[in-house]
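Structure file work14.txt (compact mmCIF, C-alpha atoms) is printed below.
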```txt
# COMPACT_ATOMS: atom_id res chain seq x y z
CA MET A 150 7.40 -26.35 -6.02
CA ILE A 151 4.59 -28.91 -6.28
CA PRO A 152 1.98 -27.56 -8.74
CA ASP A 153 -0.78 -28.26 -6.21
CA ASP A 154 1.00 -26.09 -3.63
CA ARG A 155 1.31 -23.22 -6.09
CA ALA A 156 -2.36 -23.50 -7.01
CA PHE A 157 -3.32 -23.58 -3.31
CA LEU A 158 -1.31 -20.46 -2.49
CA THR A 159 -2.69 -18.66 -5.54
CA GLN A 160 -6.24 -19.38 -4.39
CA LEU A 161 -5.49 -17.89 -1.00
CA PHE A 162 -4.17 -14.71 -2.64
CA GLN A 163 -7.27 -14.52 -4.83
CA ALA A 164 -9.51 -14.88 -1.77
CA ALA A 165 -7.64 -12.04 -0.05
CA VAL A 166 -8.05 -9.76 -3.07
CA ALA A 167 -11.71 -10.68 -3.51
CA ALA A 168 -12.40 -9.67 0.10
CA ALA A 169 -11.30 -6.14 -0.84
CA ASP A 170 -13.39 -6.03 -4.03
CA PRO A 171 -14.51 -2.42 -4.61
CA VAL A 172 -18.20 -3.18 -5.14
CA ALA A 173 -18.43 -5.41 -2.07
CA ALA A 174 -16.49 -2.89 0.04
CA LEU A 175 -18.59 0.09 -1.05
CA ARG A 176 -22.05 -1.46 -1.10
CA GLY A 177 -22.64 -1.21 2.64
CA ASN A 178 -20.87 2.10 3.07
CA LEU A 179 -22.66 4.50 0.74
CA PRO A 180 -23.35 7.85 2.43
CA THR A 181 -26.76 9.51 2.63
CA LYS A 182 -27.60 11.54 -0.44
CA PRO A 183 -27.21 15.29 -0.01
CA LYS A 184 -29.65 18.04 -0.88
CA GLY A 185 -27.02 19.54 -3.14
CA ARG A 186 -24.30 18.18 -5.38
CA THR A 187 -22.30 14.95 -5.00
CA VAL A 188 -18.62 15.29 -5.89
CA VAL A 189 -16.29 12.28 -5.91
CA ILE A 190 -12.54 12.70 -5.42
CA GLY A 191 -9.90 10.09 -4.80
CA ALA A 192 -6.39 8.78 -5.18
CA GLY A 193 -4.53 5.48 -5.07
CA LYS A 194 -3.65 2.42 -7.11
CA GLY A 195 -7.23 1.15 -6.83
CA ALA A 196 -8.96 4.52 -7.13
CA ALA A 197 -10.23 3.99 -10.68
CA GLN A 198 -11.90 0.70 -9.77
CA LEU A 199 -13.41 2.29 -6.65
CA ALA A 200 -14.73 5.13 -8.79
CA ALA A 201 -16.27 2.73 -11.33
CA ALA A 202 -17.92 0.76 -8.52
CA PHE A 203 -19.25 3.93 -6.93
CA GLU A 204 -20.76 5.03 -10.25
CA ASP A 205 -22.54 1.67 -10.52
CA LEU A 206 -23.89 1.81 -6.96
CA TRP A 207 -24.83 5.50 -6.67
CA ASP A 208 -28.36 6.33 -7.68
CA GLY A 209 -28.09 9.94 -8.75
CA PRO A 210 -25.96 12.50 -10.59
CA LEU A 211 -22.36 13.10 -9.59
CA THR A 212 -19.12 14.62 -10.81
CA GLY A 213 -15.54 14.23 -9.75
CA VAL A 214 -11.90 13.35 -10.33
CA VAL A 215 -9.72 10.48 -9.13
CA VAL A 216 -6.05 9.76 -9.86
CA THR A 217 -4.39 6.38 -10.19
CA ARG A 218 -1.09 4.89 -11.34
CA TYR A 219 -0.24 4.65 -15.05
CA GLY A 220 -1.90 1.56 -16.51
CA TYR A 221 -4.40 1.26 -13.67
CA GLY A 222 -7.15 3.40 -15.20
CA SER A 223 -10.60 2.16 -16.19
CA PRO A 224 -13.50 3.47 -18.31
CA TYR A 225 -15.65 6.09 -16.62
CA ARG A 226 -18.94 7.82 -17.25
CA GLN A 227 -19.19 10.70 -14.80
CA ILE A 228 -15.98 10.58 -12.75
CA ARG A 229 -12.83 11.65 -14.56
CA VAL A 230 -9.90 9.24 -14.10
CA MET A 231 -6.39 10.68 -14.35
CA GLU A 232 -3.12 8.70 -14.32
CA ALA A 233 0.25 9.65 -12.84
CA ALA A 234 3.57 8.17 -11.77
CA HIS A 235 4.27 5.95 -8.78
CA PRO A 236 6.41 5.68 -6.64
CA VAL A 237 8.21 8.89 -7.65
CA PRO A 238 5.79 11.74 -8.56
CA ASP A 239 5.70 13.47 -11.94
CA LEU A 240 4.04 16.39 -13.73
CA ALA A 241 0.88 14.38 -14.40
CA GLY A 242 0.47 13.94 -10.64
CA LEU A 243 0.91 17.68 -10.18
CA ALA A 244 -1.88 18.28 -12.70
CA ALA A 245 -4.07 15.70 -10.93
CA SER A 246 -3.65 17.45 -7.58
CA ALA A 247 -4.71 20.72 -9.18
CA ALA A 248 -7.73 19.01 -10.77
CA LEU A 249 -8.84 17.66 -7.38
CA PHE A 250 -8.74 21.13 -5.85
CA GLN A 251 -10.66 22.50 -8.82
CA ALA A 252 -13.33 19.79 -8.42
CA VAL A 253 -14.16 20.92 -4.86
CA ARG A 254 -14.14 24.69 -5.41
CA GLY A 255 -17.21 26.71 -4.56
CA LEU A 256 -19.14 24.02 -2.67
CA SER A 257 -21.92 24.75 -0.18
CA ALA A 258 -22.98 23.19 3.11
CA GLU A 259 -25.65 21.22 1.22
CA ASP A 260 -23.08 19.50 -1.00
CA LEU A 261 -21.36 16.16 -0.34
CA VAL A 262 -17.79 15.17 -1.17
CA VAL A 263 -17.04 11.44 -1.28
CA ALA A 264 -13.32 10.73 -1.03
CA LEU A 265 -12.17 7.31 -2.30
CA ILE A 266 -8.73 6.82 -0.80
CA CYS A 267 -6.39 3.84 -1.06
CA GLY A 268 -2.69 3.03 -0.99
CA GLY A 269 -0.34 4.69 -3.46
CA GLY A 270 -1.96 8.10 -3.19
CA SER A 271 1.06 9.67 -1.50
CA ALA A 272 3.16 9.55 -4.67
CA LEU A 273 0.22 10.18 -7.00
CA LEU A 274 -0.64 13.52 -5.35
CA PRO A 275 2.44 15.74 -5.46
CA CYS A 276 1.69 19.29 -4.37
CA PRO A 277 4.85 21.05 -3.22
CA PRO A 278 4.23 23.99 -0.87
CA ALA A 279 5.31 27.50 -1.81
CA GLY A 280 9.08 27.68 -2.14
CA LEU A 281 9.53 24.05 -3.18
CA THR A 282 9.28 22.35 -6.57
CA LEU A 283 8.11 19.02 -7.96
CA ALA A 284 11.75 17.98 -8.20
CA ASP A 285 12.14 18.70 -4.48
CA GLU A 286 9.13 16.53 -3.64
CA ALA A 287 10.41 13.75 -5.92
CA GLY A 288 13.77 13.96 -4.15
CA LEU A 289 11.99 13.64 -0.82
CA ASN A 290 10.18 10.51 -2.03
CA ARG A 291 13.41 8.91 -3.22
CA ALA A 292 15.09 9.64 0.11
CA LEU A 293 12.19 8.16 2.06
CA LEU A 294 11.98 5.04 -0.11
CA ALA A 295 15.70 4.39 0.32
CA SER A 296 15.69 4.97 4.08
CA GLY A 297 14.10 1.76 5.32
CA ALA A 298 11.76 3.79 7.55
CA PRO A 299 8.26 2.35 8.17
CA ILE A 300 5.36 3.72 6.16
CA SER A 301 3.99 5.63 9.17
CA VAL A 302 7.24 7.59 9.42
CA MET A 303 7.43 8.26 5.68
CA ASN A 304 3.85 9.53 5.57
CA ALA A 305 4.28 11.74 8.66
CA ILE A 306 7.18 13.48 6.92
CA ARG A 307 5.40 13.71 3.55
CA LYS A 308 2.46 15.49 5.19
CA GLN A 309 4.76 18.28 6.36
CA VAL A 310 6.05 18.91 2.83
CA SER A 311 2.79 19.13 0.92
CA GLY A 312 -0.07 21.40 -0.01
CA ILE A 313 -2.62 18.55 -0.28
CA LYS A 314 -1.78 15.84 2.26
CA GLY A 315 -2.52 15.83 5.99
CA GLY A 316 -6.17 16.80 5.57
CA ARG A 317 -5.50 19.82 3.37
CA LEU A 318 -7.69 18.55 0.51
CA ALA A 319 -10.62 18.03 2.90
CA ALA A 320 -10.10 21.51 4.31
CA ALA A 321 -10.49 22.90 0.78
CA CYS A 322 -13.97 21.28 0.58
CA PHE A 323 -15.37 23.44 3.41
CA PRO A 324 -18.27 24.02 4.04
CA ALA A 325 -19.31 20.81 2.26
CA LYS A 326 -19.43 17.55 4.22
CA VAL A 327 -16.69 15.03 3.38
CA VAL A 328 -17.13 11.26 3.71
CA SER A 329 -13.81 9.44 3.28
CA LEU A 330 -14.11 5.79 2.25
CA VAL A 331 -10.69 4.27 2.82
CA VAL A 332 -9.11 1.02 1.66
CA SER A 333 -6.34 0.59 4.21
CA ASP A 334 -2.87 -0.57 3.20
CA VAL A 335 -1.15 0.49 6.42
CA PRO A 336 -0.43 -1.49 9.59
CA GLY A 337 -3.06 -0.70 12.22
CA ASP A 338 -5.53 0.68 9.63
CA ASP A 339 -5.13 4.32 10.69
CA PRO A 340 -6.99 6.17 7.90
CA ALA A 341 -4.85 9.27 8.43
CA GLN A 342 -1.87 7.26 7.18
CA VAL A 343 -3.39 5.89 3.98
CA ALA A 344 -2.10 7.95 1.02
CA SER A 345 -0.78 10.39 3.64
CA GLY A 346 -4.35 11.36 4.50
CA PRO A 347 -5.36 13.98 1.92
CA THR A 348 -8.86 14.08 3.46
CA VAL A 349 -8.06 12.85 6.98
CA PRO A 350 -6.14 15.23 9.29
CA ASP A 351 -3.39 14.02 11.60
CA ALA A 352 -2.14 15.32 14.95
CA VAL A 353 1.54 14.58 14.20
CA SER A 354 3.42 17.88 14.49
CA ARG A 355 6.21 19.42 12.43
CA GLU A 356 8.51 18.96 15.43
CA ALA A 357 7.65 15.25 15.60
CA ALA A 358 8.39 14.87 11.89
CA ARG A 359 11.80 16.47 12.37
CA ALA A 360 12.50 14.00 15.19
CA MET A 361 11.61 11.12 12.87
CA VAL A 362 14.06 12.33 10.24
CA ALA A 363 16.81 12.40 12.86
CA ALA A 364 15.90 9.06 14.43
CA TRP A 365 15.93 7.25 11.07
CA ARG A 366 18.93 9.22 9.75
CA ILE A 367 17.08 10.10 6.58
CA GLU A 368 19.23 12.06 4.14
CA LEU A 369 16.76 14.64 2.88
CA PRO A 370 17.51 17.02 0.01
CA SER A 371 18.89 20.20 1.57
CA VAL A 372 16.01 22.40 0.41
CA VAL A 373 13.48 19.99 1.98
CA ALA A 374 15.48 19.85 5.20
CA ASP A 375 15.45 23.66 5.30
CA TRP A 376 11.66 23.65 4.84
CA LEU A 377 11.15 21.19 7.69
CA ALA A 378 13.36 23.31 9.95
CA ARG A 379 10.75 26.11 9.82
CA ASP A 380 7.22 26.22 11.19
CA ARG A 381 5.31 27.48 8.18
CA GLY A 382 2.60 25.91 6.05
CA LEU A 383 1.54 23.67 8.95
CA ALA A 384 -1.14 21.03 8.36
CA PRO A 385 -4.57 21.66 9.93
CA LEU A 386 -5.29 19.77 13.15
CA PRO A 387 -8.18 17.30 13.56
CA THR A 388 -9.85 19.80 15.90
CA ASP A 389 -10.12 22.45 13.18
CA ARG A 390 -13.74 23.48 12.56
CA VAL A 391 -13.43 22.76 8.82
CA PHE A 392 -13.56 19.05 9.65
CA ALA A 393 -16.74 19.23 11.75
CA GLY A 394 -19.28 16.66 10.59
CA HIS A 395 -16.81 14.75 8.39
CA GLU A 396 -17.00 10.95 8.37
CA VAL A 397 -14.20 8.43 7.86
CA ARG A 398 -14.81 4.73 7.20
CA VAL A 399 -12.24 1.98 6.57
CA ILE A 400 -14.10 -0.22 4.08
CA ALA A 401 -11.38 -2.82 3.35
CA SER A 402 -8.14 -3.80 5.05
CA ALA A 403 -5.42 -6.42 5.39
CA ARG A 404 -7.21 -7.92 8.41
CA LEU A 405 -10.38 -8.65 6.46
CA SER A 406 -8.41 -10.04 3.51
CA LEU A 407 -6.28 -12.35 5.66
CA GLU A 408 -9.41 -13.65 7.38
CA ALA A 409 -10.88 -14.45 3.96
CA ALA A 410 -7.70 -16.26 2.92
CA ALA A 411 -7.71 -18.25 6.16
CA ALA A 412 -11.31 -19.28 5.58
CA ARG A 413 -10.46 -20.41 2.05
CA ALA A 414 -7.55 -22.52 3.35
CA VAL A 415 -9.73 -24.22 5.94
CA ALA A 416 -12.37 -24.91 3.29
CA MET A 417 -9.62 -26.64 1.28
CA GLY A 418 -8.63 -28.80 4.24
CA VAL A 419 -5.57 -26.93 5.50
CA PRO A 420 -5.58 -25.29 8.96
CA ALA A 421 -4.58 -21.62 8.85
CA VAL A 422 -3.14 -19.19 11.38
CA ILE A 423 -2.86 -15.42 11.01
CA LEU A 424 0.42 -14.25 12.52
CA SER A 425 -0.37 -10.55 12.16
CA ASP A 426 -1.98 -8.12 9.74
CA ALA A 427 0.35 -5.29 10.80
CA MET A 428 3.93 -6.51 10.37
CA GLU A 429 6.56 -3.86 9.76
CA GLY A 430 10.34 -3.86 9.62
CA GLU A 431 13.15 -4.67 7.21
CA ALA A 432 11.83 -7.14 4.62
CA ARG A 433 14.80 -9.50 4.85
CA GLU A 434 14.62 -9.59 8.65
CA VAL A 435 10.88 -10.32 8.61
CA GLY A 436 11.65 -13.07 6.08
CA ARG A 437 14.17 -14.65 8.45
CA VAL A 438 11.63 -14.61 11.30
CA HIS A 439 9.12 -16.41 9.08
CA ALA A 440 11.85 -18.89 8.14
CA ALA A 441 12.50 -19.65 11.82
CA LEU A 442 8.80 -20.33 12.32
CA ALA A 443 8.69 -22.62 9.27
CA ARG A 444 11.70 -24.56 10.58
CA GLU A 445 10.14 -24.98 14.02
CA VAL A 446 6.83 -26.15 12.59
CA ALA A 447 8.52 -28.58 10.19
CA ALA A 448 10.92 -30.03 12.78
CA ARG A 449 8.88 -30.04 15.98
CA GLY A 450 5.27 -29.26 15.13
CA ARG A 451 5.27 -26.07 17.18
CA PRO A 452 3.98 -23.47 17.70
CA PHE A 453 1.53 -24.95 15.17
CA PRO A 454 1.05 -28.61 14.20
CA ARG A 455 1.48 -29.66 10.59
CA PRO A 456 -0.09 -29.17 8.13
CA VAL A 457 -0.58 -25.43 8.46
CA VAL A 458 -0.47 -22.30 6.38
CA MET A 459 0.86 -19.22 8.16
CA LEU A 460 -0.58 -15.95 6.90
CA SER A 461 0.63 -12.41 7.52
CA GLY A 462 0.17 -8.89 6.20
CA GLY A 463 1.38 -5.36 6.82
CA GLU A 464 4.09 -3.43 5.04
CA THR A 465 7.78 -4.18 5.28
CA THR A 466 10.49 -1.85 4.04
CA VAL A 467 13.75 -2.21 2.14
CA THR A 468 16.90 -0.27 2.86
CA LEU A 469 18.63 0.07 -0.51
CA ARG A 470 22.14 -1.33 -0.45
CA GLY A 471 22.53 -2.28 -4.11
CA ARG A 472 21.13 -1.49 -7.53
CA GLY A 473 19.23 -4.68 -8.22
CA LYS A 474 15.58 -5.08 -9.19
CA GLY A 475 12.79 -6.15 -6.90
CA GLY A 476 10.33 -5.09 -4.25
CA ARG A 477 9.80 -5.73 -0.58
CA ASN A 478 7.84 -8.96 -1.12
CA SER A 479 10.42 -10.61 -3.36
CA GLU A 480 13.19 -9.50 -0.98
CA PHE A 481 11.24 -10.96 1.95
CA LEU A 482 10.84 -14.24 0.07
CA LEU A 483 14.49 -14.50 -0.98
CA ALA A 484 15.61 -14.01 2.64
CA LEU A 485 13.04 -16.59 3.76
CA ALA A 486 14.16 -19.15 1.17
CA LEU A 487 17.82 -18.71 2.16
CA ALA A 488 17.10 -19.10 5.86
CA ALA A 489 14.70 -22.03 5.40
CA GLU A 490 16.68 -23.90 2.73
CA GLY A 491 15.95 -27.61 2.85
CA VAL A 492 12.75 -27.17 4.87
CA GLY A 493 9.55 -28.67 3.45
CA PHE A 494 7.67 -25.43 2.88
CA ALA A 495 6.04 -23.57 0.00
CA GLY A 496 5.58 -19.82 0.13
CA LEU A 497 4.03 -16.89 -1.70
CA ALA A 498 4.64 -13.23 -0.95
CA ALA A 499 2.90 -10.59 -3.04
CA ASP A 500 1.47 -7.09 -2.99
CA THR A 501 -2.32 -7.15 -3.23
CA ASP A 502 -2.28 -4.31 -5.77
CA GLY A 503 -0.46 -6.55 -8.26
CA ILE A 504 2.87 -4.68 -8.31
CA ASP A 505 5.85 -5.41 -6.07
CA GLY A 506 8.31 -2.55 -6.33
CA SER A 507 8.90 -1.14 -9.80
CA GLN A 508 8.59 -4.31 -11.90
CA ASP A 509 5.46 -5.94 -13.33
CA ASN A 510 5.18 -8.84 -10.88
CA ALA A 511 3.02 -8.92 -7.75
CA GLY A 512 5.58 -11.05 -5.93
CA ALA A 513 7.01 -14.56 -6.16
CA PHE A 514 6.86 -18.20 -5.07
CA ALA A 515 9.57 -20.12 -3.22
CA ASP A 516 10.13 -23.44 -1.49
CA GLY A 517 12.82 -25.32 0.39
CA GLY A 518 14.61 -26.22 -2.84
CA SER A 519 14.57 -22.81 -4.53
CA MET A 520 18.10 -21.81 -3.50
CA ALA A 521 19.62 -25.11 -4.63
CA ARG A 522 18.01 -24.66 -8.04
CA LEU A 523 19.41 -21.14 -8.21
CA ARG A 524 22.93 -22.30 -7.35
CA ALA A 525 22.63 -24.98 -10.03
CA GLN A 526 22.45 -22.11 -12.51
CA GLY A 527 25.73 -20.73 -11.20
CA VAL A 528 24.10 -17.90 -9.25
CA ASP A 529 24.80 -16.97 -5.63
CA PRO A 530 21.43 -16.14 -3.96
CA ALA A 531 23.13 -14.45 -1.00
CA ALA A 532 24.85 -12.02 -3.38
CA LEU A 533 21.54 -11.23 -5.04
CA LEU A 534 19.96 -10.52 -1.64
CA SER A 535 22.90 -8.31 -0.68
CA GLY A 536 22.38 -6.28 -3.86
CA ASN A 537 18.58 -5.96 -3.49
CA ASP A 538 18.20 -8.10 -6.61
CA ALA A 539 15.48 -10.54 -5.57
CA TRP A 540 13.56 -10.03 -8.82
CA THR A 541 16.46 -11.50 -10.78
CA ALA A 542 16.56 -14.54 -8.49
CA PHE A 543 12.92 -15.45 -9.02
CA ASP A 544 12.98 -14.51 -12.69
CA LEU A 545 15.80 -17.01 -13.24
CA LEU A 546 13.77 -19.66 -11.42
CA GLY A 547 10.60 -18.87 -13.37
CA ASP A 548 8.85 -18.27 -10.05
CA LEU A 549 7.66 -14.67 -10.40
CA PHE A 550 3.98 -14.22 -9.54
CA VAL A 551 2.33 -11.96 -12.13
CA THR A 552 -1.31 -10.90 -11.73
CA GLY A 553 -1.57 -7.49 -13.37
CA PRO A 554 -3.40 -4.67 -11.56
CA THR A 555 -5.93 -6.15 -9.14
CA GLY A 556 -8.05 -3.04 -8.65
CA THR A 557 -7.46 -2.90 -4.90
CA ASN A 558 -4.63 -2.45 -2.40
CA VAL A 559 -4.59 -3.81 1.14
CA ASN A 560 -0.82 -4.16 1.25
CA ASP A 561 1.36 -7.24 1.50
CA PHE A 562 0.09 -10.81 1.50
CA ARG A 563 2.31 -13.63 2.75
CA ALA A 564 1.42 -17.33 2.93
CA ILE A 565 3.85 -20.01 4.14
CA LEU A 566 2.59 -23.61 3.80
CA VAL A 567 4.20 -26.43 5.79
CA ARG A 568 2.75 -29.80 4.82
```
Let me see the file written as structure tokens.
Amino acid sequence: MIPDDRAFLTQLFQAAVAAADPVAALRGNLPTKPKGRTVVIGAGKGAAQLAAAFEDLWDGPLTGVVVTRYGYGSPYRQIRVMEAAHPVPDLAGLAASAALFQAVRGLSAEDLVVALICGGGSALLPCPPAGLTLADEAGLNRALLASGAPISVMNAIRKQVSGIKGGRLAAACFPAKVVSLVVSDVPGDDPAQVASGPTVPDAVSREAARAMVAAWRIELPSVVADWLARDRGLAPLPTDRVFAGHEVRVIASARLSLEAAAARAVAMGVPAVILSDAMEGEAREVGRVHAALAREVAARGRPFPRPVVMLSGGETTVTLRGRGKGGRNSEFLLALALAAEGVGFAGLAADTDGIDGSQDNAGAFADGGSMARLRAQGVDPAALLSGNDAWTAFDLLGDLFVTGPTGTNVNDFRAILVR
């Protein structure tokens, strides 16, 4: 890849992340101060940075607890930051869920609860309902992650097997008012889907969740399947009186970040188009669709004339077929590079939180010559894709994109440049 192309794509990613900066996102969304106490709660990969920004912006005393992924914490003064495992929950997450409930006990109607919610909170807040264990909830997470189901389906099922998701944490705040400030990482920006909505109730029923399990042929642990088969421990509905007067605001999203990246590209002299901020589907299939677009642009100048950078966001999924290393963005990019081999493109796919899958990279770079360079090392890229081993492909090429934790999370960022 031409160094200038890599630098250009990196600047677009940085513009997207900056648009979701916690201070900028919170500054215009601070709630009115209450007569009573202010309690901050929250969860997600960017929760610690949101909490630190809130402390800086809030003029008055406050207390609270937020939970984030291991290694994503930050110094705090008044808000306690806890760390737990992601994407499969652990005992630290169980303790964090308990701490959140403890933080909102005994509140009055004059108190205010500010909920800072962002992506990753589903795994960080395990709270198995009576009759189930942490191991059962971890087994559920593993089954969902391996299923290839979209995030909306996974979260709808998670909410039915939890004591904290689906608005249950907000219900525990009653009679205090709850203002949820949400950084959206889900297609469509439905706040009830972010982190499985601990403070935002959802109308999806237990019966609908069971239908989703069947439709996606998800192999749930037997004890979880038995739980779902019964109508007990149901989540509260949005019409429940405990949610009266609550406010929900989406303060940052993929749409806003892609628009910022597009503006940066134009300022650098390259026209930009946003394909969608809500793409879902199998990562490798979405990669092949992007490859077809890159081929058409390169060969015929349609549907967009050259030069152009095509931007997209959303959240793809990966159905596990092998035991390789990698995340949805690197798998997307490997499929794209295979299908667009020989085309004059340069691409970057990365997760805006700085972690793609379970490794330490945000994503990777690729171009029309990436697969030839991989074969020159005696490696078959198609075999790596078949085994879900995209990380190995880009590690061998030296094309992993490593940013470290970014402090925010508005989901996937994809940029495909055709000169």
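Taking only C-alpha atoms into account, A:Ala443 lies nearest to A:Ile565 out of the set A:Ala532, A:Ile565, A:Ala412, A:Leu330.
In this comparison, which uses all atoms listed in the file, the residue of A:Ala284, A:Leu534, A:Leu497, A:Ala244 approaching A:Gln160 most closely is A:Leu497.
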Item to complete: Select, from A:Phe562, A:Gln251, A:Lys184, A:Gly382, the residue with the minimum atom-to-atom distance to A:Gly213, counting only C-alpha atoms.
Response: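 Counting only C-alpha atoms, the residue closest to A:Gly213 is A:Gln251.
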Item to complete: Report the distance between atom CA of A:Glu259 and atom CA of A:Val327 in Å, rounded to one decimal place.
Response: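 Separation between atom CA of A:Glu259 and atom CA of A:Val327: 11.1 Å.
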Discussion item. When you look at A:Ser402 with a cut-off of 8 Å (counting only C-alpha atoms), what residues show up, excluding the ones that are within fewer than 3 positions of it in the same chain? I need them as a PyMOL selection string.
Written reply: chain A and resi 169+332-334+338+399+405-406+559
Practice prompt. Provide the atom CA of A:Ala374 to atom CA of A:Ser246 distance in Å, to one decimal place.
Written response: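 Atom-to-atom, atom CA of A:Ala374 and atom CA of A:Ser246 are spaced 23.1 Å apart.
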Worksheet, complete the sentence: As a check of understanding: the span from atom CA of A:Asp502 to atom CA of A:Asn558 is 4.5 Å
Discussion item. I need the residue nearest A:Ala200 from this list: A:Ala393, A:Gly556, A:Phe514, A:Glu429. Use only C-alpha atoms for the distance.
Written reply: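 Under the stated criterion, the closest residue is A:Gly556.
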Please supply stretch 179-197 of chain A, rebuilt with N, CA and C atoms, as a CSV table (one decimal), in the frame of the given file.
```csv
chain,number,residue,atom,x,y,z
A,179,LEU,N,-22.3,3.3,1.5
A,179,LEU,CA,-22.7,4.5,0.7
A,179,LEU,C,-23.2,5.5,1.7
A,180,PRO,N,-22.8,6.8,1.6
A,180,PRO,CA,-23.4,7.8,2.4
A,180,PRO,C,-24.8,8.2,2.0
A,181,THR,N,-25.4,9.0,2.9
A,181,THR,CA,-26.8,9.5,2.6
A,181,THR,C,-26.7,10.6,1.5
A,182,LYS,N,-27.6,10.6,0.6
A,182,LYS,CA,-27.6,11.5,-0.4
A,182,LYS,C,-27.8,13.0,0.1
A,183,PRO,N,-27.1,13.9,-0.5
A,183,PRO,CA,-27.2,15.3,0.0
A,183,PRO,C,-28.4,16.0,-0.7
A,184,LYS,N,-28.7,17.2,-0.2
A,184,LYS,CA,-29.6,18.0,-0.9
A,184,LYS,C,-29.0,18.7,-2.1
A,185,GLY,N,-27.7,18.9,-2.0
A,185,GLY,CA,-27.0,19.5,-3.1
A,185,GLY,C,-26.3,18.6,-4.0
A,186,ARG,N,-25.1,19.0,-4.4
A,186,ARG,CA,-24.3,18.2,-5.4
A,186,ARG,C,-23.6,17.0,-4.7
A,187,THR,N,-23.2,16.0,-5.5
A,187,THR,CA,-22.3,15.0,-5.0
A,187,THR,C,-21.0,15.0,-5.9
A,188,VAL,N,-19.9,15.2,-5.2
A,188,VAL,CA,-18.6,15.3,-5.9
A,188,VAL,C,-17.7,14.2,-5.4
A,189,VAL,N,-17.2,13.4,-6.3
A,189,VAL,CA,-16.3,12.3,-5.9
A,189,VAL,C,-14.9,12.7,-6.2
A,190,ILE,N,-14.0,12.5,-5.2
A,190,ILE,CA,-12.5,12.7,-5.4
A,190,ILE,C,-11.8,11.5,-4.9
A,191,GLY,N,-10.6,11.3,-5.3
A,191,GLY,CA,-9.9,10.1,-4.8
A,191,GLY,C,-8.5,9.9,-5.4
A,192,ALA,N,-7.8,9.0,-4.7
A,192,ALA,CA,-6.4,8.8,-5.2
A,192,ALA,C,-5.9,7.4,-4.7
A,193,GLY,N,-5.1,6.8,-5.5
A,193,GLY,CA,-4.5,5.5,-5.1
A,193,GLY,C,-4.5,4.5,-6.2
A,194,LYS,N,-3.8,3.4,-6.0
A,194,LYS,CA,-3.6,2.4,-7.1
A,194,LYS,C,-5.0,1.8,-7.5
A,195,GLY,N,-5.9,1.7,-6.5
A,195,GLY,CA,-7.2,1.2,-6.8
A,195,GLY,C,-8.3,2.2,-7.0
A,196,ALA,N,-8.0,3.4,-7.1
A,196,ALA,CA,-9.0,4.5,-7.1
A,196,ALA,C,-9.9,4.4,-8.3
A,197,ALA,N,-9.4,4.1,-9.5
A,197,ALA,CA,-10.2,4.0,-10.7
A,197,ALA,C,-11.3,2.9,-10.5
```
